[in-house]
file upload_23.pdb (PDB, C-alpha atoms)
ATOM      1  CA  MET A   6       9.927 -16.015  11.945
ATOM      2  CA  ASN A   7      10.216 -12.754  10.039
ATOM      3  CA  ILE A   8       8.009 -10.042   8.650
ATOM      4  CA  ILE A   9       8.942  -7.605   5.919
ATOM      5  CA  ILE A  10       6.745  -4.517   5.818
ATOM      6  CA  VAL A  11       6.821  -2.522   2.594
ATOM      7  CA  ALA A  12       5.157   0.882   2.845
ATOM      8  CA  GLY A  13       5.179   4.200   1.009
ATOM      9  CA  MET A  14       3.151   6.394  -1.269
ATOM     10  CA  PRO A  15       0.707   5.097  -3.893
ATOM     11  CA  ALA A  16       2.354   4.490  -7.279
ATOM     12  CA  SER A  17       5.829   4.287  -5.732
ATOM     13  CA  GLY A  18       6.438   0.743  -7.029
ATOM     14  CA  LYS A  19       5.837  -1.197  -3.804
ATOM     15  CA  THR A  20       3.786  -4.006  -5.330
ATOM     16  CA  THR A  21       6.148  -4.507  -8.270
ATOM     17  CA  PHE A  22       9.043  -4.898  -5.853
ATOM     18  CA  VAL A  23       7.105  -7.150  -3.466
ATOM     19  CA  ASN A  24       6.189  -9.538  -6.285
ATOM     20  CA  ILE A  25       9.912 -10.008  -6.998
ATOM     21  CA  LEU A  26      10.821 -10.172  -3.301
ATOM     22  CA  SER A  27       8.155 -12.770  -2.550
ATOM     23  CA  LYS A  28       9.516 -15.115  -5.218
ATOM     24  CA  ALA A  29      13.104 -14.530  -4.149
ATOM     25  CA  LEU A  30      12.465 -15.323  -0.476
ATOM     26  CA  GLY A  31       9.597 -17.777  -0.830
ATOM     27  CA  TYR A  32       7.480 -15.685   1.560
ATOM     28  CA  PRO A  33       3.770 -15.150   0.935
ATOM     29  CA  ALA A  34       2.790 -11.513   0.390
ATOM     30  CA  LEU A  35      -0.341  -9.832   1.725
ATOM     31  CA  GLU A  36      -1.429  -6.685  -0.114
ATOM     32  CA  LYS A  37      -4.156  -4.342   1.035
ATOM     33  CA  ASP A  38      -5.190  -3.409  -2.508
ATOM     34  CA  CYS A  39      -6.158  -7.026  -3.241
ATOM     35  CA  ILE A  40      -8.401  -7.038  -0.164
ATOM     36  CA  LYS A  41      -9.919  -3.701  -1.189
ATOM     37  CA  GLU A  42     -10.763  -5.012  -4.646
ATOM     38  CA  GLU A  43     -12.697  -7.911  -3.125
ATOM     39  CA  LEU A  44     -14.566  -5.494  -0.859
ATOM     40  CA  PHE A  45     -15.316  -3.233  -3.820
ATOM     41  CA  ASP A  46     -16.753  -6.160  -5.774
ATOM     42  CA  VAL A  47     -18.776  -7.676  -2.912
ATOM     43  CA  ILE A  48     -19.961  -4.546  -1.076
ATOM     44  CA  GLY A  49     -19.371  -1.612  -3.425
ATOM     45  CA  PHE A  50     -19.729   2.016  -2.403
ATOM     46  CA  HIS A  51     -22.140   4.869  -3.101
ATOM     47  CA  ASN A  52     -20.032   7.842  -1.995
ATOM     48  CA  TYR A  53     -16.441   8.680  -1.153
ATOM     49  CA  GLU A  54     -16.970   8.247   2.594
ATOM     50  CA  GLN A  55     -18.068   4.647   2.036
ATOM     51  CA  LYS A  56     -14.995   4.080  -0.128
ATOM     52  CA  ARG A  57     -12.769   5.348   2.697
ATOM     53  CA  ARG A  58     -14.497   2.991   5.133
ATOM     54  CA  LEU A  59     -13.725   0.061   2.832
ATOM     55  CA  ASP A  60     -10.101   1.195   2.819
ATOM     56  CA  GLU A  61     -10.070   1.182   6.624
ATOM     57  CA  ALA A  62     -11.730  -2.246   6.643
ATOM     58  CA  ALA A  63      -9.111  -3.571   4.221
ATOM     59  CA  THR A  64      -6.312  -2.383   6.508
ATOM     60  CA  ALA A  65      -8.028  -4.047   9.474
ATOM     61  CA  VAL A  66      -8.360  -7.336   7.557
ATOM     62  CA  LEU A  67      -4.732  -7.076   6.411
ATOM     63  CA  LEU A  68      -3.525  -6.691   9.996
ATOM     64  CA  ARG A  69      -5.784  -9.496  11.258
ATOM     65  CA  CYS A  70      -4.496 -11.893   8.584
ATOM     66  CA  THR A  71      -0.922 -10.838   9.323
ATOM     67  CA  ASP A  72      -1.455 -11.485  13.026
ATOM     68  CA  SER A  73      -2.901 -14.920  12.275
ATOM     69  CA  LEU A  74       0.011 -15.923  10.042
ATOM     70  CA  LEU A  75       2.579 -14.723  12.566
ATOM     71  CA  SER A  76       0.725 -16.668  15.283
ATOM     72  CA  SER A  77       1.254 -19.822  13.245
ATOM     73  CA  GLY A  78       4.969 -19.105  12.845
ATOM     74  CA  GLN A  79       4.706 -18.093   9.178
ATOM     75  CA  SER A  80       7.134 -15.515   7.821
ATOM     76  CA  LEU A  81       5.560 -13.101   5.357
ATOM     77  CA  ILE A  82       5.631  -9.808   3.482
ATOM     78  CA  VAL A  83       3.016  -7.099   4.008
ATOM     79  CA  VAL A  84       2.582  -4.240   1.533
ATOM     80  CA  ASN A  85       0.404  -1.211   2.156
ATOM     81  CA  ASN A  86       0.390   2.566   1.936
ATOM     82  CA  PHE A  87      -0.074   2.838   5.700
ATOM     83  CA  ARG A  88      -1.468   6.026   7.197
ATOM     84  CA  ASN A  89       0.229   7.466  10.283
ATOM     85  CA  ASP A  90      -2.665   6.386  12.514
ATOM     86  CA  ALA A  91      -1.932   2.718  11.737
ATOM     87  CA  ALA A  92       1.510   2.812  13.398
ATOM     88  CA  PRO A  93       0.331   1.935  16.951
ATOM     89  CA  LYS A  94      -1.540  -1.149  15.685
ATOM     90  CA  VAL A  95       1.408  -2.330  13.617
ATOM     91  CA  GLU A  96       3.809  -1.830  16.514
ATOM     92  CA  ALA A  97       1.499  -3.643  18.961
ATOM     93  CA  MET A  98       1.366  -6.621  16.606
ATOM     94  CA  LEU A  99       5.152  -6.677  16.275
ATOM     95  CA  ARG A 100       5.562  -6.555  20.070
ATOM     96  CA  LYS A 101       3.077  -9.401  20.476
ATOM     97  CA  HIS A 102       5.000 -11.721  18.169
ATOM     98  CA  ASP A 103       8.553 -10.530  18.837
ATOM     99  CA  CYS A 104       9.481 -11.454  15.282
ATOM    100  CA  GLY A 105      12.318 -10.254  13.127
ATOM    101  CA  CYS A 106      11.188  -7.186  11.182
ATOM    102  CA  VAL A 107      12.555  -5.346   8.184
ATOM    103  CA  PHE A 108      10.685  -2.181   7.269
ATOM    104  CA  VAL A 109      11.213  -1.028   3.678
ATOM    105  CA  PHE A 110       9.916   2.467   2.934
ATOM    106  CA  PHE A 111       9.431   3.611  -0.663
ATOM    107  CA  GLY A 112       9.770   7.399  -0.599
ATOM    108  CA  GLY A 113      10.608  10.028  -3.152
ATOM    109  CA  ASN A 114       9.193  12.916  -5.108
ATOM    110  CA  GLY A 115       5.453  13.360  -4.549
ATOM    111  CA  ASP A 116       4.954  15.135  -7.876
ATOM    112  CA  VAL A 117       6.406  12.152  -9.739
ATOM    113  CA  PHE A 118       4.262   9.725  -7.746
ATOM    114  CA  TYR A 119       1.197  11.817  -8.569
ATOM    115  CA  GLU A 120       1.935  11.649 -12.308
ATOM    116  CA  ARG A 121       2.438   7.878 -12.122
ATOM    117  CA  TYR A 122      -0.767   7.518 -10.101
ATOM    118  CA  VAL A 123      -2.786   9.371 -12.763
ATOM    119  CA  GLN A 124      -1.242   7.271 -15.544
ATOM    120  CA  ARG A 125      -1.854   4.026 -13.635
ATOM    121  CA  ASP A 126      -5.545   4.860 -13.262
ATOM    122  CA  LEU A 127      -5.821   5.120 -17.055
ATOM    123  CA  ARG A 128      -4.691   1.533 -17.616
ATOM    124  CA  PRO A 129      -7.458  -0.878 -18.645
ATOM    125  CA  THR A 130      -6.120  -3.431 -16.149
ATOM    126  CA  ARG A 131      -6.625  -1.082 -13.179
ATOM    127  CA  HIS A 132      -9.573  -2.112 -11.002
ATOM    128  CA  LEU A 133     -12.289   0.542 -11.389
ATOM    129  CA  GLY A 134     -12.926   0.538  -7.648
ATOM    130  CA  HIS A 135      -9.582   2.301  -7.214
ATOM    131  CA  VAL A 136     -10.289   4.790  -9.996
ATOM    132  CA  LEU A 137     -13.860   5.832  -9.286
ATOM    133  CA  GLN A 138     -14.477   8.034  -6.263
ATOM    134  CA  ASP A 139     -18.251   8.285  -5.798
ATOM    135  CA  ARG A 140     -19.760   4.958  -6.848
ATOM    136  CA  TYR A 141     -18.774   1.378  -7.599
ATOM    137  CA  PRO A 142     -19.904  -0.573  -9.447
ATOM    138  CA  PRO A 143     -20.743   2.156 -11.936
ATOM    139  CA  LEU A 144     -24.205   2.534 -13.356
ATOM    140  CA  PRO A 145     -24.806   2.606 -17.120
ATOM    141  CA  GLY A 146     -23.715   5.991 -18.420
ATOM    142  CA  ASP A 147     -21.351   6.724 -15.511
ATOM    143  CA  PRO A 148     -17.910   7.968 -16.559
ATOM    144  CA  LEU A 149     -15.274   5.274 -16.100
ATOM    145  CA  THR A 150     -12.362   7.651 -15.541
ATOM    146  CA  TYR A 151     -11.451  10.159 -12.869
ATOM    147  CA  SER A 152      -8.773  12.843 -13.061
ATOM    148  CA  MET A 153      -7.398  13.419  -9.585
ATOM    149  CA  THR A 154      -5.785  16.821  -9.067
ATOM    150  CA  ARG A 155      -2.379  17.245  -7.437
ATOM    151  CA  GLU A 156      -4.068  18.971  -4.474
ATOM    152  CA  GLU A 157      -6.478  16.067  -4.040
ATOM    153  CA  PHE A 158      -3.582  13.612  -4.183
ATOM    154  CA  ALA A 159      -1.862  15.544  -1.400
ATOM    155  CA  ARG A 160      -5.029  15.642   0.722
ATOM    156  CA  LYS A 161      -5.904  11.970   0.299
ATOM    157  CA  PHE A 162      -2.422  10.524   0.682
ATOM    158  CA  GLU A 163       0.369  12.853   1.782
ATOM    159  CA  GLN A 164      -1.559  14.702   4.471
ATOM    160  CA  LEU A 165      -2.520  11.358   6.046
ATOM    161  CA  GLY A 166       1.162  10.572   6.502
ATOM    162  CA  MET A 167       1.617   7.925   3.820
ATOM    163  CA  ASN A 168       4.730   9.773   2.638
ATOM    164  CA  GLU A 169       6.352   9.632   6.079
ATOM    165  CA  PHE A 170       5.009   6.500   7.799
ATOM    166  CA  ARG A 171       7.271   5.319  10.618
ATOM    167  CA  ILE A 172       7.386   2.491  13.106
ATOM    168  CA  SER A 173       9.847   2.199  15.967
ATOM    169  CA  ARG A 174      10.465  -1.542  15.677
ATOM    170  CA  GLY A 175      12.536  -3.401  13.129
ATOM    171  CA  THR A 176      15.315  -2.260  10.833
ATOM    172  CA  ARG A 177      14.328   0.446   8.371
ATOM    173  CA  ILE A 178      15.530   0.654   4.776
ATOM    174  CA  ASP A 179      14.693   3.848   2.898
ATOM    175  CA  VAL A 180      14.375   3.493  -0.868
ATOM    176  CA  ASP A 181      14.232   6.495  -3.196
ATOM    177  CA  ALA A 182      11.534   5.236  -5.557
ATOM    178  CA  THR A 183      11.241   8.425  -7.608
ATOM    179  CA  TYR A 184      12.730   6.604 -10.592
ATOM    180  CA  PRO A 185      12.095   2.840 -10.251
ATOM    181  CA  GLU A 186      14.602   1.975 -12.978
ATOM    182  CA  LYS A 187      17.364   3.311 -10.712
ATOM    183  CA  ILE A 188      16.524   0.963  -7.832
ATOM    184  CA  ASP A 189      19.051  -1.839  -7.405
ATOM    185  CA  THR A 190      16.409  -4.514  -6.834
ATOM    186  CA  GLU A 191      18.865  -7.386  -6.481
ATOM    187  CA  GLY A 192      21.004  -5.376  -4.066
ATOM    188  CA  LEU A 193      17.951  -4.432  -2.033
ATOM    189  CA  ILE A 194      16.814  -8.064  -1.813
ATOM    190  CA  GLU A 195      20.291  -9.106  -0.697
ATOM    191  CA  GLN A 196      20.294  -6.373   1.950
ATOM    192  CA  ILE A 197      16.964  -7.697   3.254
ATOM    193  CA  ARG A 198      18.328 -11.256   3.274
ATOM    194  CA  GLN A 199      21.285 -10.164   5.365
ATOM    195  CA  LEU A 200      19.054  -8.355   7.854
ATOM    196  CA  LEU A 201      16.813 -11.398   8.239
TER     197      LEU A 201
END
call {"tool": "encode", "arguments": {"input": "upload_23.pdb", "output": "structure tokens"}}
result
Amino acid sequence: MNIIIVAGMPASGKTTFVNILSKALGYPALEKDCIKEELFDVIGFHNYEQKRRLDEAATAVLLRCTDSLLSSGQSLIVVNNFRNDAAPKVEAMLRKHDCGCVFVFFGGNGDVFYERYVQRDLRPTRHLGHVLQDRYPPLPGDPLTYSMTREEFARKFEQLGMNEFRISRGTRIDVDATYPEKIDTEGLIEQIRQLL
């Protein structure tokens, strides 16, 4: 039984890679953003603090589902932009199951990730719950865009440790995701295979 944890900054290409990895290995993938979108649609939020609470709830659900799958002997992939304060919970879960673990961290240039984040939020396919900061679903007349500043990006993501998340268990692979086109995806998948 194995778990592959893919972490790193928002807009670093984690989900794109995990979609390829999941097909290559035949492992199911759990992604926090998918859980958040369901929470946005069912519960919604009326201020930024409520949005942050939904983010925390999504991480809790992600870890609970991961624990359940590992308990049944299922290997899987987990993708999330973990905050530093999540490390003790992740490590406790790994100790409990004593499973093989590969930890893939997507790091790189924060300024580049910020630019990609802003561009991603402009796409019509992006769930508005991620884009809007103060209310979802929006009311008639509400703006449907939000321009996050570089300072806000640093405060909401980097200063919470998403750009340096670490766990002490498993084998770590650091990926420079500044320029996704330069990542040797096939080589990275083969490296993960060998470690498993």
call {"tool": "atom_distance", "arguments": {"input": "upload_23.pdb", "atom1": "atom CA of Val136 of chain A", "atom2": "atom CA of Tyr151 of chain A"}}
result
6.2 Å
call {"tool": "resolve_selection", "arguments": {"input": "upload_23.pdb", "expression": "the PyMOL selection byres ((chain A and resi 91) around 12)", "output": "JSON, numbers by chain"}}
result
{"A": [12, 61, 64, 65, 67, 68, 85, 86, 87, 88, 89, 90, 92, 93, 94, 95, 96, 97, 98, 165, 166, 167, 170, 171, 172]}
call {"tool": "write_last_selection", "arguments": {"input": "upload_23.pdb", "atoms": "C-alpha atoms", "output": "mmCIF file, keeping the file's coordinate frame"}}
result
data_model
loop_
_atom_site.group_PDB
_atom_site.id
_atom_site.type_symbol
_atom_site.label_atom_id
_atom_site.label_comp_id
_atom_site.auth_asym_id
_atom_site.auth_seq_id
_atom_site.Cartn_x
_atom_site.Cartn_y
_atom_site.Cartn_z
ATOM 1 C CA ALA A 12 5.157 0.882 2.845
ATOM 2 C CA GLU A 61 -10.070 1.182 6.624
ATOM 3 C CA THR A 64 -6.312 -2.383 6.508
ATOM 4 C CA ALA A 65 -8.028 -4.047 9.474
ATOM 5 C CA LEU A 67 -4.732 -7.076 6.411
ATOM 6 C CA LEU A 68 -3.525 -6.691 9.996
ATOM 7 C CA ASN A 85 0.404 -1.211 2.156
ATOM 8 C CA ASN A 86 0.390 2.566 1.936
ATOM 9 C CA PHE A 87 -0.074 2.838 5.700
ATOM 10 C CA ARG A 88 -1.468 6.026 7.197
ATOM 11 C CA ASN A 89 0.229 7.466 10.283
ATOM 12 C CA ASP A 90 -2.665 6.386 12.514
ATOM 13 C CA ALA A 92 1.510 2.812 13.398
ATOM 14 C CA PRO A 93 0.331 1.935 16.951
ATOM 15 C CA LYS A 94 -1.540 -1.149 15.685
ATOM 16 C CA VAL A 95 1.408 -2.330 13.617
ATOM 17 C CA GLU A 96 3.809 -1.830 16.514
ATOM 18 C CA ALA A 97 1.499 -3.643 18.961
ATOM 19 C CA MET A 98 1.366 -6.621 16.606
ATOM 20 C CA LEU A 165 -2.520 11.358 6.046
ATOM 21 C CA GLY A 166 1.162 10.572 6.502
ATOM 22 C CA MET A 167 1.617 7.925 3.820
ATOM 23 C CA PHE A 170 5.009 6.500 7.799
ATOM 24 C CA ARG A 171 7.271 5.319 10.618
ATOM 25 C CA ILE A 172 7.386 2.491 13.106
#
call {"tool": "resolve_selection", "arguments": {"input": "upload_23.pdb", "expression": "the PyMOL selection byres ((chain A and resi 117-122) around 9)", "output": "list in words"}}
result
Met14, Pro15, Ala16, Ser17, Gly113, Asn114, Gly115, Asp116, Val123, Gln124, Arg125, Asp126, Leu127, Met153, Thr154, Arg155, Phe158, Ala159, Ala182, Thr183 and Tyr184 of chain A
call {"tool": "axis_aligned_box", "arguments": {"input": "upload_23.pdb", "around": "segment 152-160 of chain A", "padding_each_side": "4 Å", "output": "JSON"}}
result
{"center_x": -5.3, "center_y": 15.9, "center_z": -6.2, "size_x": 14.9, "size_y": 14.1, "size_z": 21.8}
call {"tool": "closest_residue", "arguments": {"input": "upload_23.pdb", "among": "A:Glu36, A:Asp60, A:Asp46, A:Glu156", "to": "Val83 of chain A", "atoms": "all atoms listed in the file"}}
result
A:Glu36
call {"tool": "atom_distance", "arguments": {"input": "upload_23.pdb", "atom1": "atom CA of Pro148 of chain A", "atom2": "atom CA of Arg57 of chain A"}}
result
20.1 Å
call {"tool": "closest_residue", "arguments": {"input": "upload_23.pdb", "among": "A:Ile188, A:Leu75, A:Leu137, A:Val180", "to": "Lys56 of chain A", "atoms": "all atoms listed in the file"}}
result
A:Leu137
call {"tool": "residues_near_point", "arguments": {"input": "upload_23.pdb", "point": "(4.6, -12.7, 1.0)", "cutoff": "9 Å", "atoms": "only C-alpha atoms", "output": "PyMOL selection string"}}
result
chain A and resi 8-9+23-24+26-28+30-36+80-84
call {"tool": "atom_distance", "arguments": {"input": "upload_23.pdb", "atom1": "atom CA of Arg131 of chain A", "atom2": "atom CA of Val11 of chain A"}}
result
20.8 Å
call {"tool": "residues_around", "arguments": {"input": "upload_23.pdb", "residues": "Leu149 of chain A", "least_positions_apart": "5", "cutoff": "12 Å", "atoms": "all atoms listed in the file", "output": "compact mmCIF listing (two decimals) with C-alpha atoms, in the coordinates of the input"}}
result
# COMPACT_ATOMS: atom_id res chain seq x y z
CA ASP A 126 -5.54 4.86 -13.26
CA LEU A 127 -5.82 5.12 -17.06
CA ARG A 128 -4.69 1.53 -17.62
CA PRO A 129 -7.46 -0.88 -18.64
CA ARG A 131 -6.62 -1.08 -13.18
CA HIS A 132 -9.57 -2.11 -11.00
CA LEU A 133 -12.29 0.54 -11.39
CA GLY A 134 -12.93 0.54 -7.65
CA HIS A 135 -9.58 2.30 -7.21
CA VAL A 136 -10.29 4.79 -10.00
CA LEU A 137 -13.86 5.83 -9.29
CA GLN A 138 -14.48 8.03 -6.26
CA ASP A 139 -18.25 8.28 -5.80
CA ARG A 140 -19.76 4.96 -6.85
CA TYR A 141 -18.77 1.38 -7.60
CA PRO A 142 -19.90 -0.57 -9.45
CA PRO A 143 -20.74 2.16 -11.94
CA LEU A 144 -24.20 2.53 -13.36
